[in-house]
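Undergrad: Contents of structure.txt (compact mmCIF, N, CA and C atoms):
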# COMPACT_ATOMS: atom_id res chain seq x y z
N MET A 1 -6.89 -86.81 61.43
CA MET A 1 -6.56 -86.06 62.62
C MET A 1 -6.41 -84.59 62.22
N THR A 2 -6.93 -83.72 63.06
CA THR A 2 -6.87 -82.30 62.77
C THR A 2 -5.53 -81.71 63.19
N GLY A 3 -5.26 -80.51 62.72
CA GLY A 3 -4.02 -79.82 63.05
C GLY A 3 -3.90 -79.56 64.55
N ASP A 4 -5.04 -79.23 65.20
CA ASP A 4 -5.01 -79.00 66.65
C ASP A 4 -4.68 -80.29 67.40
N GLY A 5 -5.16 -81.42 66.92
CA GLY A 5 -4.89 -82.70 67.57
C GLY A 5 -3.42 -83.08 67.47
N ILE A 6 -2.83 -82.81 66.30
CA ILE A 6 -1.40 -83.11 66.11
C ILE A 6 -0.56 -82.18 66.97
N ARG A 7 -0.91 -80.89 66.97
CA ARG A 7 -0.17 -79.94 67.81
C ARG A 7 -0.27 -80.31 69.29
N GLY A 8 -1.44 -80.73 69.71
CA GLY A 8 -1.65 -81.14 71.11
C GLY A 8 -0.78 -82.33 71.48
N ARG A 9 -0.70 -83.30 70.57
CA ARG A 9 0.13 -84.48 70.83
C ARG A 9 1.62 -84.11 70.85
N ILE A 10 2.02 -83.24 69.94
CA ILE A 10 3.42 -82.80 69.91
C ILE A 10 3.75 -82.05 71.19
N LEU A 11 2.85 -81.17 71.62
CA LEU A 11 3.06 -80.44 72.86
C LEU A 11 3.14 -81.40 74.05
N LEU A 12 2.26 -82.39 74.10
CA LEU A 12 2.27 -83.38 75.17
C LEU A 12 3.58 -84.18 75.14
N LEU A 13 4.03 -84.55 73.95
CA LEU A 13 5.30 -85.27 73.81
C LEU A 13 6.47 -84.40 74.29
N PHE A 14 6.47 -83.15 73.91
CA PHE A 14 7.54 -82.22 74.31
C PHE A 14 7.57 -82.06 75.83
N ILE A 15 6.42 -81.88 76.44
CA ILE A 15 6.34 -81.74 77.91
C ILE A 15 6.81 -83.02 78.58
N SER A 16 6.42 -84.17 78.04
CA SER A 16 6.85 -85.45 78.60
C SER A 16 8.37 -85.59 78.54
N ILE A 17 8.96 -85.19 77.42
CA ILE A 17 10.41 -85.26 77.28
C ILE A 17 11.08 -84.35 78.30
N LEU A 18 10.56 -83.15 78.49
CA LEU A 18 11.13 -82.24 79.47
C LEU A 18 11.05 -82.80 80.89
N VAL A 19 9.89 -83.35 81.24
CA VAL A 19 9.71 -83.91 82.59
C VAL A 19 10.64 -85.10 82.80
N LEU A 20 10.67 -86.01 81.84
CA LEU A 20 11.54 -87.18 81.96
C LEU A 20 13.01 -86.79 81.95
N GLY A 21 13.35 -85.81 81.14
CA GLY A 21 14.74 -85.34 81.10
C GLY A 21 15.16 -84.73 82.43
N ALA A 22 14.28 -83.93 83.02
CA ALA A 22 14.58 -83.33 84.32
C ALA A 22 14.72 -84.41 85.38
N ALA A 23 13.86 -85.41 85.35
CA ALA A 23 13.95 -86.50 86.32
C ALA A 23 15.24 -87.29 86.15
N ALA A 24 15.68 -87.45 84.92
CA ALA A 24 16.91 -88.21 84.67
C ALA A 24 18.14 -87.45 85.14
N PHE A 25 18.14 -86.13 85.04
CA PHE A 25 19.31 -85.34 85.43
C PHE A 25 19.35 -85.03 86.92
N THR A 26 18.23 -85.04 87.60
CA THR A 26 18.19 -84.69 89.01
C THR A 26 19.09 -85.57 89.86
N PRO A 27 19.04 -86.93 89.75
CA PRO A 27 19.96 -87.74 90.56
C PRO A 27 21.42 -87.47 90.24
N THR A 28 21.73 -87.23 88.99
CA THR A 28 23.11 -86.96 88.60
C THR A 28 23.60 -85.68 89.26
N LEU A 29 22.78 -84.65 89.25
CA LEU A 29 23.18 -83.39 89.87
C LEU A 29 23.30 -83.55 91.38
N ALA A 30 22.39 -84.30 91.99
CA ALA A 30 22.46 -84.49 93.44
C ALA A 30 23.70 -85.28 93.82
N ARG A 31 24.06 -86.27 93.04
CA ARG A 31 25.23 -87.09 93.34
C ARG A 31 26.53 -86.31 93.15
N SER A 32 26.51 -85.31 92.31
CA SER A 32 27.76 -84.63 91.98
C SER A 32 28.24 -83.70 93.08
N TYR A 33 27.48 -83.51 94.15
CA TYR A 33 27.90 -82.57 95.18
C TYR A 33 28.32 -83.21 96.48
N TRP A 34 27.93 -84.42 96.78
CA TRP A 34 28.28 -85.03 98.07
C TRP A 34 29.78 -85.25 98.21
N PHE A 35 30.48 -85.41 97.10
CA PHE A 35 31.92 -85.66 97.19
C PHE A 35 32.66 -84.44 97.74
N HIS A 36 32.09 -83.24 97.59
CA HIS A 36 32.72 -82.05 98.17
C HIS A 36 32.79 -82.19 99.70
N THR A 37 31.74 -82.74 100.29
CA THR A 37 31.75 -82.95 101.74
C THR A 37 32.82 -83.95 102.11
N TYR A 38 32.98 -85.00 101.32
CA TYR A 38 34.02 -85.99 101.60
C TYR A 38 35.41 -85.34 101.53
N GLU A 39 35.65 -84.55 100.52
CA GLU A 39 36.94 -83.88 100.41
C GLU A 39 37.17 -82.95 101.61
N ARG A 40 36.13 -82.31 102.07
CA ARG A 40 36.24 -81.45 103.26
C ARG A 40 36.57 -82.28 104.49
N VAL A 41 35.93 -83.45 104.63
CA VAL A 41 36.20 -84.34 105.75
C VAL A 41 37.68 -84.74 105.76
N VAL A 42 38.20 -85.13 104.62
CA VAL A 42 39.61 -85.54 104.54
C VAL A 42 40.51 -84.37 104.93
N ALA A 43 40.20 -83.18 104.45
CA ALA A 43 41.02 -82.01 104.80
C ALA A 43 40.94 -81.72 106.30
N LEU A 44 39.77 -81.86 106.90
CA LEU A 44 39.63 -81.64 108.35
C LEU A 44 40.44 -82.67 109.14
N ILE A 45 40.40 -83.92 108.71
CA ILE A 45 41.18 -84.96 109.40
C ILE A 45 42.66 -84.66 109.25
N ASP A 46 43.08 -84.30 108.05
CA ASP A 46 44.49 -83.97 107.82
C ASP A 46 44.98 -82.84 108.72
N SER A 47 44.09 -81.90 109.02
CA SER A 47 44.47 -80.77 109.86
C SER A 47 44.22 -81.02 111.34
N GLY A 48 43.77 -82.24 111.70
CA GLY A 48 43.56 -82.59 113.10
C GLY A 48 42.24 -82.13 113.68
N ARG A 49 41.34 -81.65 112.86
CA ARG A 49 40.05 -81.15 113.33
C ARG A 49 39.00 -82.27 113.28
N THR A 50 39.24 -83.32 114.07
CA THR A 50 38.40 -84.52 114.03
C THR A 50 36.99 -84.27 114.54
N GLY A 51 36.85 -83.37 115.49
CA GLY A 51 35.52 -83.07 116.01
C GLY A 51 34.58 -82.53 114.95
N GLU A 52 35.11 -81.77 114.02
CA GLU A 52 34.30 -81.25 112.92
C GLU A 52 34.08 -82.31 111.84
N ALA A 53 35.09 -83.14 111.64
CA ALA A 53 35.03 -84.13 110.56
C ALA A 53 34.09 -85.29 110.87
N ALA A 54 34.04 -85.72 112.12
CA ALA A 54 33.31 -86.93 112.49
C ALA A 54 31.82 -86.92 112.11
N PRO A 55 31.05 -85.90 112.49
CA PRO A 55 29.63 -85.95 112.13
C PRO A 55 29.40 -85.90 110.62
N LEU A 56 30.24 -85.16 109.92
CA LEU A 56 30.11 -85.11 108.46
C LEU A 56 30.38 -86.47 107.84
N LEU A 57 31.42 -87.14 108.34
CA LEU A 57 31.76 -88.46 107.80
C LEU A 57 30.67 -89.48 108.10
N GLU A 58 30.14 -89.47 109.30
CA GLU A 58 29.08 -90.43 109.65
C GLU A 58 27.85 -90.22 108.78
N GLN A 59 27.51 -88.98 108.48
CA GLN A 59 26.38 -88.70 107.59
C GLN A 59 26.68 -89.23 106.19
N LEU A 60 27.89 -89.02 105.70
CA LEU A 60 28.27 -89.54 104.39
C LEU A 60 28.18 -91.05 104.34
N ILE A 61 28.63 -91.72 105.40
CA ILE A 61 28.58 -93.18 105.42
C ILE A 61 27.13 -93.66 105.40
N ARG A 62 26.25 -92.96 106.10
CA ARG A 62 24.83 -93.35 106.05
C ARG A 62 24.26 -93.19 104.64
N GLU A 63 24.63 -92.12 103.97
CA GLU A 63 24.08 -91.83 102.64
C GLU A 63 24.80 -92.59 101.53
N HIS A 64 26.09 -92.82 101.68
CA HIS A 64 26.91 -93.48 100.65
C HIS A 64 27.81 -94.51 101.32
N PRO A 65 27.29 -95.68 101.65
CA PRO A 65 28.05 -96.64 102.47
C PRO A 65 29.15 -97.40 101.73
N TYR A 66 29.15 -97.39 100.41
CA TYR A 66 30.10 -98.22 99.67
C TYR A 66 31.29 -97.41 99.17
N PRO A 67 32.51 -97.84 99.54
CA PRO A 67 33.71 -97.16 99.03
C PRO A 67 33.79 -97.29 97.51
N ILE A 68 34.42 -96.31 96.90
CA ILE A 68 34.57 -96.29 95.44
C ILE A 68 36.00 -95.85 95.12
N ALA A 69 36.69 -96.68 94.37
CA ALA A 69 38.02 -96.29 93.89
C ALA A 69 37.83 -95.47 92.63
N CYS A 70 38.49 -94.37 92.55
CA CYS A 70 38.47 -93.47 91.40
C CYS A 70 37.04 -93.08 91.01
N LEU A 71 36.38 -92.44 91.95
CA LEU A 71 35.05 -91.88 91.70
C LEU A 71 35.20 -90.71 90.75
N LYS A 72 34.57 -90.77 89.60
CA LYS A 72 34.65 -89.68 88.63
C LYS A 72 33.85 -88.49 89.15
N VAL A 73 34.51 -87.35 89.19
CA VAL A 73 33.86 -86.12 89.63
C VAL A 73 34.03 -85.07 88.54
N PRO A 74 33.20 -84.03 88.57
CA PRO A 74 33.32 -83.00 87.55
C PRO A 74 34.73 -82.42 87.49
N GLY A 75 35.12 -82.03 86.31
CA GLY A 75 36.45 -81.47 86.10
C GLY A 75 37.44 -82.52 85.63
N ASP A 76 36.94 -83.61 85.11
CA ASP A 76 37.80 -84.69 84.60
C ASP A 76 38.83 -85.16 85.60
N ARG A 77 38.39 -85.41 86.80
CA ARG A 77 39.28 -85.96 87.81
C ARG A 77 38.53 -87.05 88.56
N CYS A 78 39.28 -87.79 89.35
CA CYS A 78 38.64 -88.80 90.17
C CYS A 78 39.23 -88.75 91.57
N ILE A 79 38.40 -89.17 92.54
CA ILE A 79 38.86 -89.25 93.92
C ILE A 79 38.56 -90.66 94.42
N ASP A 80 39.31 -91.08 95.41
CA ASP A 80 39.04 -92.35 96.06
C ASP A 80 38.14 -92.06 97.25
N TYR A 81 36.93 -92.59 97.20
CA TYR A 81 35.98 -92.42 98.30
C TYR A 81 36.17 -93.61 99.24
N LEU A 82 36.85 -93.38 100.36
CA LEU A 82 37.22 -94.44 101.30
C LEU A 82 36.75 -94.05 102.71
N PRO A 83 35.45 -94.08 102.94
CA PRO A 83 34.92 -93.55 104.20
C PRO A 83 35.35 -94.33 105.45
N TYR A 84 35.50 -95.65 105.33
CA TYR A 84 35.86 -96.44 106.51
C TYR A 84 37.33 -96.26 106.87
N PHE A 85 38.16 -96.01 105.88
CA PHE A 85 39.56 -95.68 106.15
C PHE A 85 39.64 -94.33 106.87
N GLN A 86 38.84 -93.38 106.41
CA GLN A 86 38.83 -92.06 107.06
C GLN A 86 38.28 -92.18 108.48
N ARG A 87 37.28 -93.05 108.68
CA ARG A 87 36.76 -93.28 110.03
C ARG A 87 37.87 -93.86 110.90
N ALA A 88 38.65 -94.79 110.37
CA ALA A 88 39.75 -95.39 111.12
C ALA A 88 40.77 -94.31 111.52
N ARG A 89 41.05 -93.41 110.61
CA ARG A 89 41.98 -92.31 110.93
C ARG A 89 41.44 -91.46 112.08
N LEU A 90 40.13 -91.17 112.05
CA LEU A 90 39.51 -90.40 113.14
C LEU A 90 39.64 -91.14 114.46
N GLN A 91 39.28 -92.41 114.44
CA GLN A 91 39.30 -93.20 115.66
C GLN A 91 40.72 -93.32 116.21
N PHE A 92 41.67 -93.56 115.35
CA PHE A 92 43.06 -93.68 115.79
C PHE A 92 43.54 -92.37 116.40
N HIS A 93 43.22 -91.28 115.75
CA HIS A 93 43.61 -89.95 116.26
C HIS A 93 43.09 -89.73 117.67
N ASP A 94 41.90 -90.23 117.95
CA ASP A 94 41.28 -90.02 119.25
C ASP A 94 41.51 -91.17 120.23
N GLY A 95 42.44 -92.08 119.89
CA GLY A 95 42.83 -93.12 120.83
C GLY A 95 41.95 -94.36 120.83
N ASP A 96 40.99 -94.46 119.94
CA ASP A 96 40.14 -95.65 119.86
C ASP A 96 40.80 -96.66 118.92
N VAL A 97 41.81 -97.34 119.44
CA VAL A 97 42.60 -98.26 118.61
C VAL A 97 41.74 -99.42 118.13
N ARG A 98 40.92 -99.95 119.01
CA ARG A 98 40.05 -101.08 118.64
C ARG A 98 39.06 -100.68 117.54
N GLY A 99 38.43 -99.53 117.70
CA GLY A 99 37.50 -99.04 116.68
C GLY A 99 38.21 -98.79 115.36
N ALA A 100 39.41 -98.24 115.42
CA ALA A 100 40.19 -97.99 114.21
C ALA A 100 40.52 -99.30 113.50
N ALA A 101 40.90 -100.31 114.26
CA ALA A 101 41.21 -101.61 113.66
C ALA A 101 39.98 -102.20 112.98
N TYR A 102 38.84 -102.06 113.62
CA TYR A 102 37.59 -102.57 113.05
C TYR A 102 37.24 -101.83 111.76
N SER A 103 37.38 -100.51 111.78
CA SER A 103 37.09 -99.72 110.57
C SER A 103 38.03 -100.08 109.43
N LEU A 104 39.29 -100.38 109.76
CA LEU A 104 40.23 -100.82 108.72
C LEU A 104 39.81 -102.17 108.14
N GLU A 105 39.30 -103.06 108.99
CA GLU A 105 38.83 -104.35 108.47
C GLU A 105 37.67 -104.15 107.50
N ILE A 106 36.77 -103.25 107.84
CA ILE A 106 35.65 -102.96 106.93
C ILE A 106 36.19 -102.40 105.61
N SER A 107 37.10 -101.46 105.72
CA SER A 107 37.68 -100.86 104.52
C SER A 107 38.37 -101.91 103.66
N GLU A 108 39.10 -102.80 104.30
CA GLU A 108 39.80 -103.85 103.57
C GLU A 108 38.82 -104.81 102.89
N ALA A 109 37.71 -105.10 103.55
CA ALA A 109 36.72 -106.02 102.99
C ALA A 109 36.15 -105.51 101.67
N PHE A 110 35.98 -104.21 101.55
CA PHE A 110 35.46 -103.66 100.30
C PHE A 110 36.50 -103.68 99.18
N GLY A 111 37.77 -103.59 99.51
CA GLY A 111 38.84 -103.71 98.53
C GLY A 111 39.20 -102.47 97.74
N ALA A 112 38.40 -101.43 97.80
CA ALA A 112 38.67 -100.22 97.01
C ALA A 112 39.97 -99.56 97.42
N ILE A 113 40.37 -99.74 98.65
CA ILE A 113 41.59 -99.09 99.16
C ILE A 113 42.84 -99.59 98.44
N PHE A 114 42.79 -100.79 97.90
CA PHE A 114 43.97 -101.39 97.28
C PHE A 114 44.08 -101.07 95.79
N GLN A 115 43.23 -100.22 95.27
CA GLN A 115 43.29 -99.88 93.86
C GLN A 115 44.14 -98.64 93.59
N ASN A 116 44.69 -98.06 94.63
CA ASN A 116 45.56 -96.90 94.51
C ASN A 116 46.76 -97.14 95.44
N ARG A 117 47.95 -97.13 94.89
CA ARG A 117 49.14 -97.46 95.69
C ARG A 117 49.35 -96.50 96.86
N ARG A 118 49.05 -95.22 96.66
CA ARG A 118 49.24 -94.24 97.73
C ARG A 118 48.30 -94.54 98.90
N THR A 119 47.03 -94.80 98.61
CA THR A 119 46.09 -95.09 99.69
C THR A 119 46.38 -96.46 100.30
N GLU A 120 46.84 -97.39 99.49
CA GLU A 120 47.21 -98.70 100.03
C GLU A 120 48.36 -98.56 101.03
N ARG A 121 49.35 -97.75 100.69
CA ARG A 121 50.47 -97.52 101.62
C ARG A 121 49.98 -96.86 102.91
N ALA A 122 49.11 -95.88 102.80
CA ALA A 122 48.58 -95.21 103.99
C ALA A 122 47.78 -96.19 104.85
N PHE A 123 47.00 -97.04 104.20
CA PHE A 123 46.23 -98.06 104.91
C PHE A 123 47.16 -99.02 105.66
N LEU A 124 48.17 -99.54 104.95
CA LEU A 124 49.10 -100.49 105.57
C LEU A 124 49.89 -99.85 106.70
N ASP A 125 50.26 -98.58 106.54
CA ASP A 125 50.97 -97.87 107.59
C ASP A 125 50.10 -97.72 108.84
N LEU A 126 48.85 -97.34 108.65
CA LEU A 126 47.95 -97.19 109.80
C LEU A 126 47.72 -98.54 110.47
N ARG A 127 47.54 -99.58 109.69
CA ARG A 127 47.34 -100.91 110.27
C ARG A 127 48.57 -101.34 111.08
N ARG A 128 49.77 -101.06 110.55
CA ARG A 128 51.00 -101.39 111.27
C ARG A 128 51.08 -100.63 112.58
N ARG A 129 50.76 -99.36 112.55
CA ARG A 129 50.79 -98.54 113.76
C ARG A 129 49.79 -99.04 114.80
N ILE A 130 48.61 -99.42 114.35
CA ILE A 130 47.60 -99.94 115.27
C ILE A 130 48.07 -101.24 115.91
N ARG A 131 48.60 -102.13 115.10
CA ARG A 131 49.06 -103.43 115.63
C ARG A 131 50.22 -103.27 116.59
N SER A 132 51.08 -102.30 116.36
CA SER A 132 52.23 -102.11 117.24
C SER A 132 51.85 -101.46 118.56
N MET A 133 50.74 -100.75 118.60
CA MET A 133 50.34 -100.03 119.81
C MET A 133 49.68 -100.92 120.85
N ALA A 134 48.72 -101.72 120.41
CA ALA A 134 47.92 -102.46 121.39
C ALA A 134 47.45 -103.79 120.82
N PRO A 135 48.36 -104.73 120.59
CA PRO A 135 47.92 -106.00 120.02
C PRO A 135 46.94 -106.75 120.92
N ALA A 136 47.05 -106.61 122.24
CA ALA A 136 46.13 -107.31 123.13
C ALA A 136 44.71 -106.76 123.01
N ASP A 137 44.58 -105.49 122.73
CA ASP A 137 43.25 -104.88 122.60
C ASP A 137 42.52 -105.32 121.34
N LEU A 138 43.22 -105.95 120.44
CA LEU A 138 42.62 -106.29 119.15
C LEU A 138 42.10 -107.73 119.11
N ARG A 139 42.19 -108.45 120.22
CA ARG A 139 41.67 -109.82 120.26
C ARG A 139 40.17 -109.79 120.45
N GLY A 140 39.51 -110.82 119.93
CA GLY A 140 38.08 -110.97 120.13
C GLY A 140 37.28 -110.26 119.07
N PRO A 141 35.96 -110.43 119.13
CA PRO A 141 35.09 -109.81 118.11
C PRO A 141 35.05 -108.29 118.27
N PHE A 142 34.91 -107.64 117.16
CA PHE A 142 34.83 -106.19 117.18
C PHE A 142 33.37 -105.77 117.31
N PRO A 143 33.11 -104.73 118.06
CA PRO A 143 31.74 -104.21 118.12
C PRO A 143 31.46 -103.37 116.88
N ALA A 144 30.20 -103.24 116.55
CA ALA A 144 29.83 -102.32 115.47
C ALA A 144 29.90 -100.92 116.04
N THR A 145 30.82 -100.13 115.54
CA THR A 145 31.04 -98.81 116.12
C THR A 145 30.87 -97.71 115.09
N THR A 146 30.57 -96.58 115.59
CA THR A 146 30.70 -95.35 114.83
C THR A 146 31.59 -94.45 115.66
N TRP A 147 32.12 -93.44 115.06
CA TRP A 147 33.01 -92.55 115.79
C TRP A 147 32.16 -91.68 116.69
N LYS A 148 32.57 -91.54 117.93
CA LYS A 148 31.84 -90.71 118.88
C LYS A 148 32.77 -89.63 119.42
N PRO A 149 32.39 -88.37 119.27
CA PRO A 149 33.24 -87.29 119.77
C PRO A 149 33.29 -87.28 121.29
How does this structure look as structure tokens?

TA:
Amino acid sequence: MTGDGIRGRILLLFISILVLGAAAFTPTLARSYWFHTYERVVALIDSGRTGEAAPLLEQLIREHPYPIACLKVPGDRCIDYLPYFQRARLQFHDGDVRGAAYSLEISEAFGAIFQNRRTERAFLDLRRRIRSMAPADLRGPFPATTWKP
């Protein structure tokens, strides 16, 4: 093999490594930013700005439907990604008790909410408040709902 042939193969190998490396890092970089939107949604709900929070949350649920306890995020920290619990908070705030109860059932089914005592307490408190408000409204099958402003 000539020197040009070896150099060509090394160059091809180097380019392949760069392309594959870029492809491997792209999903990681894309995933590392969606949690900022989730944190914004939680802050909006906390401040009572449900109209702004709802469309952002619904988009997040479409893109990331599975709750995650202690999602590792940059900066050596973790957050609990609990979109159905946040949806329940939105629905409850806007008087949709039935929808909130349904969203809590979805959240409970995934189980991530129970991996953090603080979020578990908030979940149980919201469930208690829902049950005390309108127990008759909670009978029967729940419809598949999304939050509607």

Undergrad: Within 12 Å of A:Glu39, counting only C-alpha atoms, which residues show up once you throw out same-chain ones fewer than 2 positions away? Write them as a list in words, please.

TA: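 Returned residues: Tyr33, Trp34, Phe35, His36, Thr37, Val41, Val42, Ala43, Leu44, Ile45, Asp46, Ala53, Leu56, Leu57, Leu60, Leu71, Val73, Cys78, Ile79, Asp80, Tyr81, Leu82, Pro83 and Gln86 of chain A.
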
Undergrad: Write out as an MDAnalysis selection string the residues lying within 8 Å of stretch 104-109 of chain A, counting all atoms listed in the file and excluding same-chain residues fewer than 5 positions away.

TA: chainID A and resid 67 82:89 98:99 114 123 127

Undergrad: Which is closest to A:Ile113 among A:Tyr66, A:Met133, A:Asp96, A:Asp76, if we use only C-alpha atoms?

TA: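 Result for the nearest residue to A:Ile113: A:Tyr66.
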
Undergrad: Rounded to one decimal place, report the atom N of A:Gly51-atom N of A:Gln115 distance in Å.

TA: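 Going from atom N of A:Gly51 over to atom N of A:Gln115 covers 27.1 Å.
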
Undergrad: Enumerate as a VMD selection string all residues of stretch 32-114 of chain A assigned to strand (DSSP E) by DSSP on the backbone, naming them with the chain letters and numbers the document uses.

TA: chain A and resid 68 to 73 77 to 81

Undergrad: Keeping N, CA and C atoms for every residue in the selection just given, could you write it to a file as a PDB file, keeping the file's coordinate frame?

TA:
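Result file follows (out38.pdb):
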ATOM      1  N   ILE A  68      34.420 -96.310  96.900  1.00  0.00           N
ATOM      2  CA  ILE A  68      34.570 -96.290  95.440  1.00  0.00           C
ATOM      3  C   ILE A  68      36.000 -95.850  95.120  1.00  0.00           C
ATOM      4  N   ALA A  69      36.690 -96.680  94.370  1.00  0.00           N
ATOM      5  CA  ALA A  69      38.020 -96.290  93.890  1.00  0.00           C
ATOM      6  C   ALA A  69      37.830 -95.470  92.630  1.00  0.00           C
ATOM      7  N   CYS A  70      38.490 -94.370  92.550  1.00  0.00           N
ATOM      8  CA  CYS A  70      38.470 -93.470  91.400  1.00  0.00           C
ATOM      9  C   CYS A  70      37.040 -93.080  91.010  1.00  0.00           C
ATOM     10  N   LEU A  71      36.380 -92.440  91.950  1.00  0.00           N
ATOM     11  CA  LEU A  71      35.050 -91.880  91.700  1.00  0.00           C
ATOM     12  C   LEU A  71      35.200 -90.710  90.750  1.00  0.00           C
ATOM     13  N   LYS A  72      34.570 -90.770  89.600  1.00  0.00           N
ATOM     14  CA  LYS A  72      34.650 -89.680  88.630  1.00  0.00           C
ATOM     15  C   LYS A  72      33.850 -88.490  89.150  1.00  0.00           C
ATOM     16  N   VAL A  73      34.510 -87.350  89.190  1.00  0.00           N
ATOM     17  CA  VAL A  73      33.860 -86.120  89.630  1.00  0.00           C
ATOM     18  C   VAL A  73      34.030 -85.070  88.540  1.00  0.00           C
ATOM     19  N   ARG A  77      38.390 -85.410  86.800  1.00  0.00           N
ATOM     20  CA  ARG A  77      39.280 -85.960  87.810  1.00  0.00           C
ATOM     21  C   ARG A  77      38.530 -87.050  88.560  1.00  0.00           C
ATOM     22  N   CYS A  78      39.280 -87.790  89.350  1.00  0.00           N
ATOM     23  CA  CYS A  78      38.640 -88.800  90.170  1.00  0.00           C
ATOM     24  C   CYS A  78      39.230 -88.750  91.570  1.00  0.00           C
ATOM     25  N   ILE A  79      38.400 -89.170  92.540  1.00  0.00           N
ATOM     26  CA  ILE A  79      38.860 -89.250  93.920  1.00  0.00           C
ATOM     27  C   ILE A  79      38.560 -90.660  94.420  1.00  0.00           C
ATOM     28  N   ASP A  80      39.310 -91.080  95.410  1.00  0.00           N
ATOM     29  CA  ASP A  80      39.040 -92.350  96.060  1.00  0.00           C
ATOM     30  C   ASP A  80      38.140 -92.060  97.250  1.00  0.00           C
ATOM     31  N   TYR A  81      36.930 -92.590  97.200  1.00  0.00           N
ATOM     32  CA  TYR A  81      35.980 -92.420  98.300  1.00  0.00           C
ATOM     33  C   TYR A  81      36.170 -93.610  99.240  1.00  0.00           C
TER      34      TYR A  81
END

Undergrad: Do you have the atom CA of A:Gly75-atom CA of A:Arg49 distance handy?

TA: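 Calculated distance between atom CA of A:Gly75 and atom CA of A:Arg49 is 27.5 Å.
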
Undergrad: Just how far from atom CA of A:Leu126 is atom CA of A:Phe92, in Å to one decimal?

TA: 8.5 Å

Undergrad: Missing atoms in stretch 57-70 of chain A: fill them in up to N, CA, C and O atoms and send the result as an mmCIF file, in the coordinates of the input.

TA:
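New file rebuild-v8.cif:
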data_model
loop_
_atom_site.group_PDB
_atom_site.id
_atom_site.type_symbol
_atom_site.label_atom_id
_atom_site.label_comp_id
_atom_site.auth_asym_id
_atom_site.auth_seq_id
_atom_site.Cartn_x
_atom_site.Cartn_y
_atom_site.Cartn_z
ATOM 1 N N LEU A 57 31.420 -87.140 108.340
ATOM 2 C CA LEU A 57 31.760 -88.460 107.800
ATOM 3 C C LEU A 57 30.670 -89.480 108.100
ATOM 4 O O LEU A 57 30.300 -90.265 107.228
ATOM 5 N N GLU A 58 30.140 -89.470 109.300
ATOM 6 C CA GLU A 58 29.080 -90.430 109.650
ATOM 7 C C GLU A 58 27.850 -90.220 108.780
ATOM 8 O O GLU A 58 27.212 -91.190 108.354
ATOM 9 N N GLN A 59 27.510 -88.980 108.480
ATOM 10 C CA GLN A 59 26.380 -88.700 107.590
ATOM 11 C C GLN A 59 26.680 -89.230 106.190
ATOM 12 O O GLN A 59 25.825 -89.831 105.543
ATOM 13 N N LEU A 60 27.890 -89.020 105.700
ATOM 14 C CA LEU A 60 28.270 -89.540 104.390
ATOM 15 C C LEU A 60 28.180 -91.050 104.340
ATOM 16 O O LEU A 60 27.699 -91.618 103.357
ATOM 17 N N ILE A 61 28.630 -91.720 105.400
ATOM 18 C CA ILE A 61 28.580 -93.180 105.420
ATOM 19 C C ILE A 61 27.130 -93.660 105.400
ATOM 20 O O ILE A 61 26.818 -94.644 104.722
ATOM 21 N N ARG A 62 26.250 -92.960 106.100
ATOM 22 C CA ARG A 62 24.830 -93.350 106.050
ATOM 23 C C ARG A 62 24.260 -93.190 104.640
ATOM 24 O O ARG A 62 23.500 -94.025 104.172
ATOM 25 N N GLU A 63 24.630 -92.120 103.970
ATOM 26 C CA GLU A 63 24.080 -91.830 102.640
ATOM 27 C C GLU A 63 24.800 -92.590 101.530
ATOM 28 O O GLU A 63 24.190 -92.922 100.511
ATOM 29 N N HIS A 64 26.090 -92.820 101.680
ATOM 30 C CA HIS A 64 26.910 -93.480 100.650
ATOM 31 C C HIS A 64 27.810 -94.510 101.320
ATOM 32 O O HIS A 64 28.993 -94.253 101.547
ATOM 33 N N PRO A 65 27.290 -95.680 101.650
ATOM 34 C CA PRO A 65 28.050 -96.640 102.470
ATOM 35 C C PRO A 65 29.150 -97.400 101.730
ATOM 36 O O PRO A 65 30.008 -97.991 102.372
ATOM 37 N N TYR A 66 29.150 -97.390 100.410
ATOM 38 C CA TYR A 66 30.100 -98.220 99.670
ATOM 39 C C TYR A 66 31.290 -97.410 99.170
ATOM 40 O O TYR A 66 31.120 -96.435 98.443
ATOM 41 N N PRO A 67 32.510 -97.840 99.540
ATOM 42 C CA PRO A 67 33.710 -97.160 99.030
ATOM 43 C C PRO A 67 33.790 -97.290 97.510
ATOM 44 O O PRO A 67 33.314 -98.273 96.928
ATOM 45 N N ILE A 68 34.420 -96.310 96.900
ATOM 46 C CA ILE A 68 34.570 -96.290 95.440
ATOM 47 C C ILE A 68 36.000 -95.850 95.120
ATOM 48 O O ILE A 68 36.431 -94.788 95.556
ATOM 49 N N ALA A 69 36.690 -96.680 94.370
ATOM 50 C CA ALA A 69 38.020 -96.290 93.890
ATOM 51 C C ALA A 69 37.830 -95.470 92.630
ATOM 52 O O ALA A 69 37.064 -95.842 91.747
ATOM 53 N N CYS A 70 38.490 -94.370 92.550
ATOM 54 C CA CYS A 70 38.470 -93.470 91.400
ATOM 55 C C CYS A 70 37.040 -93.080 91.010
ATOM 56 O O CYS A 70 36.583 -93.322 89.909
#
